[in-house]
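The next block holds one structure in the form of structure tokens; read it before the comments.
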Amino acid sequence: MVNLGPALLSDLRRPWLWKGSAISAALALGLTGMLLVAGTSEAGADSPGLSALLLEAVIPLVLTVSAVFGSFSFTADYRAGSFNRRVLLFQRRPAFLGRALSTAAAALFGGAVIGLAFGFSAAVLKVAGALSPLLVLAFAGTAVMGALWGFALGSLLRNHLVSLFAVPLSVALPGLLPDLSEPVTTFFFPVLAADWAKQAAVNIPASGAFCGAAGWLVLVTAAAFTVFVKRDLA
């Protein structure tokens, strides 16, 4: 693992890492802006509960976009063959962990930007109060969780096109299941991550949801890491 530092630094210097993060943030910001405009124009900025409704809609959006970014962080280079060259240079474990950490760092930055933009826009439109650091933290944490989830699934699927559909589906799956399965879906990763973010944004402790989402991430990332170390790269 002595190569982890160089592998991480090399990954952080990749232009496409930050370009991908910027594109993901821009996409999320564009969709968020549409939701803000639609919500304020239809219900009125002073409608009670509008801030909570917008937050409930935007958080899953950020989670989904970040998950796609995370999956592409692996599959794009894997498809081009450049990730295999990184394995030859740094070995498998450092290459995988370095890419995962750099993806999380880029998602953290992108999520913070989205949180700042959302909080500032909501304050200007008088949908919510003053911009809160907790709101920015909630968005940044959501983006990191989504990116790591997508990265792990992308490394397991290893297919750019399949990941484009499978990763968002994995985030949207709890909402697609019948209502009878609601007690079960509350333990799914996307539900736990969104619950933590929505509560953290308004300063409500949500350690249970956070630990549940973190547990899912550890489990999936560990499985992806094990498969990557043992599986043929071809």
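Here, A, B, ... name the chains of the structure tokens in the order displayed, residue numbers run from 1 inside each chain, and ligands are numbered from 1 in the same displayed order.
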For range 96-113 of chain A, work out the shell of residues within 6 Å, counting only C-alpha atoms and skipping chain neighbours fewer than 6 positions away, then give it as a list in words.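 Residues near the query, excluding close chain neighbours: Ala7, Leu8, Leu12, Ser21, Ala25, Val136, Phe139, Ala140, Ala143 and Val144 of chain A.
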Please identify every residue of range 7-37 of chain A that has at least one atom no farther than 12 Å from an atom of range 54-65 of chain A, counting only C-alpha atoms, and for each give the shortest atom pair and the distance in Å to one decimal, arranged by chain then increasing number, as CSV.
```
residue,atom,partner,partner_atom,distance
A:Gly20,CA,A:Val65,CA,10.9
A:Ser21,CA,A:Val65,CA,9.9
A:Ala22,CA,A:Val65,CA,11.4
A:Ile23,CA,A:Val65,CA,9.9
A:Ser24,CA,A:Val65,CA,6.2
A:Ala25,CA,A:Val65,CA,8.1
A:Ala26,CA,A:Val65,CA,10.1
A:Leu27,CA,A:Val65,CA,7.8
A:Ala28,CA,A:Val62,CA,6.1
A:Leu29,CA,A:Val62,CA,8.9
A:Gly30,CA,A:Leu61,CA,11.0
A:Leu31,CA,A:Leu61,CA,8.2
A:Thr32,CA,A:Val58,CA,6.2
A:Gly33,CA,A:Val58,CA,9.7
A:Met34,CA,A:Val58,CA,10.4
A:Leu35,CA,A:Leu54,CA,7.2
A:Leu36,CA,A:Leu54,CA,7.1
A:Val37,CA,A:Leu54,CA,10.4
```
Serialized selection, N, CA and C atoms, as a short mmCIF file (atom, residue, chain, number, x, y, z; two decimals), in the first residue's frame:
```cif
data_model
loop_
_atom_site.label_atom_id
_atom_site.label_comp_id
_atom_site.auth_asym_id
_atom_site.auth_seq_id
_atom_site.Cartn_x
_atom_site.Cartn_y
_atom_site.Cartn_z
N GLY A 20 -15.47 16.18 -14.95
CA GLY A 20 -16.65 15.35 -14.70
C GLY A 20 -17.43 15.84 -13.51
N SER A 21 -16.73 16.25 -12.45
CA SER A 21 -17.40 16.79 -11.28
C SER A 21 -18.13 18.08 -11.61
N ALA A 22 -17.50 18.93 -12.43
CA ALA A 22 -18.13 20.19 -12.82
C ALA A 22 -19.36 19.95 -13.68
N ILE A 23 -19.28 19.00 -14.61
CA ILE A 23 -20.42 18.69 -15.46
C ILE A 23 -21.57 18.14 -14.62
N SER A 24 -21.25 17.25 -13.68
CA SER A 24 -22.29 16.69 -12.81
C SER A 24 -22.94 17.77 -11.96
N ALA A 25 -22.11 18.67 -11.41
CA ALA A 25 -22.66 19.76 -10.60
C ALA A 25 -23.52 20.68 -11.44
N ALA A 26 -23.08 20.96 -12.68
CA ALA A 26 -23.86 21.84 -13.55
C ALA A 26 -25.20 21.20 -13.90
N LEU A 27 -25.19 19.89 -14.16
CA LEU A 27 -26.44 19.19 -14.47
C LEU A 27 -27.38 19.23 -13.28
N ALA A 28 -26.84 18.94 -12.08
CA ALA A 28 -27.67 18.96 -10.88
C ALA A 28 -28.20 20.37 -10.60
N LEU A 29 -27.35 21.38 -10.81
CA LEU A 29 -27.77 22.76 -10.58
C LEU A 29 -28.87 23.18 -11.56
N GLY A 30 -28.74 22.75 -12.81
CA GLY A 30 -29.76 23.08 -13.80
C GLY A 30 -31.10 22.48 -13.44
N LEU A 31 -31.11 21.21 -13.07
CA LEU A 31 -32.36 20.55 -12.68
C LEU A 31 -32.91 21.13 -11.38
N THR A 32 -32.00 21.46 -10.46
CA THR A 32 -32.43 22.08 -9.20
C THR A 32 -33.07 23.44 -9.45
N GLY A 33 -32.47 24.22 -10.35
CA GLY A 33 -33.05 25.52 -10.69
C GLY A 33 -34.44 25.39 -11.28
N MET A 34 -34.63 24.37 -12.11
CA MET A 34 -35.96 24.14 -12.68
C MET A 34 -36.97 23.82 -11.59
N LEU A 35 -36.55 23.01 -10.61
CA LEU A 35 -37.45 22.67 -9.51
C LEU A 35 -37.77 23.90 -8.66
N LEU A 36 -36.78 24.74 -8.42
CA LEU A 36 -37.00 25.95 -7.63
C LEU A 36 -37.98 26.89 -8.32
N VAL A 37 -37.76 27.09 -9.61
CA VAL A 37 -38.63 28.00 -10.36
C VAL A 37 -40.06 27.45 -10.42
#
```
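Distance-wise, CA of Arg13 in chain A and CA of Leu219 in chain A end up 28.3 Å apart.
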Residue neighbourhood range 206-211 of chain A, 6 Å, only C-alpha atoms, exclusion window fewer than 4 positions, as a list in words: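 Selected residues are Leu192, Trp196 and Gly215 of chain A.
Nearest residue to Pro15 in chain A among A:Ala123, A:Pro183, A:Asn159, A:Ser73 is A:Ser73, counting only C-alpha atoms.
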Tell me, in Å to one decimal, how far CA of Leu161 in chain A is from CA of Lys19 in chain A. 19.5 Å
Which residues, written as a count of residues only, have at least one atom at most 12 Å from Thr185 in chain A, with only C-alpha atoms counted and residues fewer than 4 positions away on the same chain left out? 16
Counting only C-alpha atoms, which residue out of A:His160, A:Arg231, A:Arg14, A:Arg93 sits closest to Ala76 in chain A?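 Distance minimum relative to Ala76 in chain A lands on A:His160.
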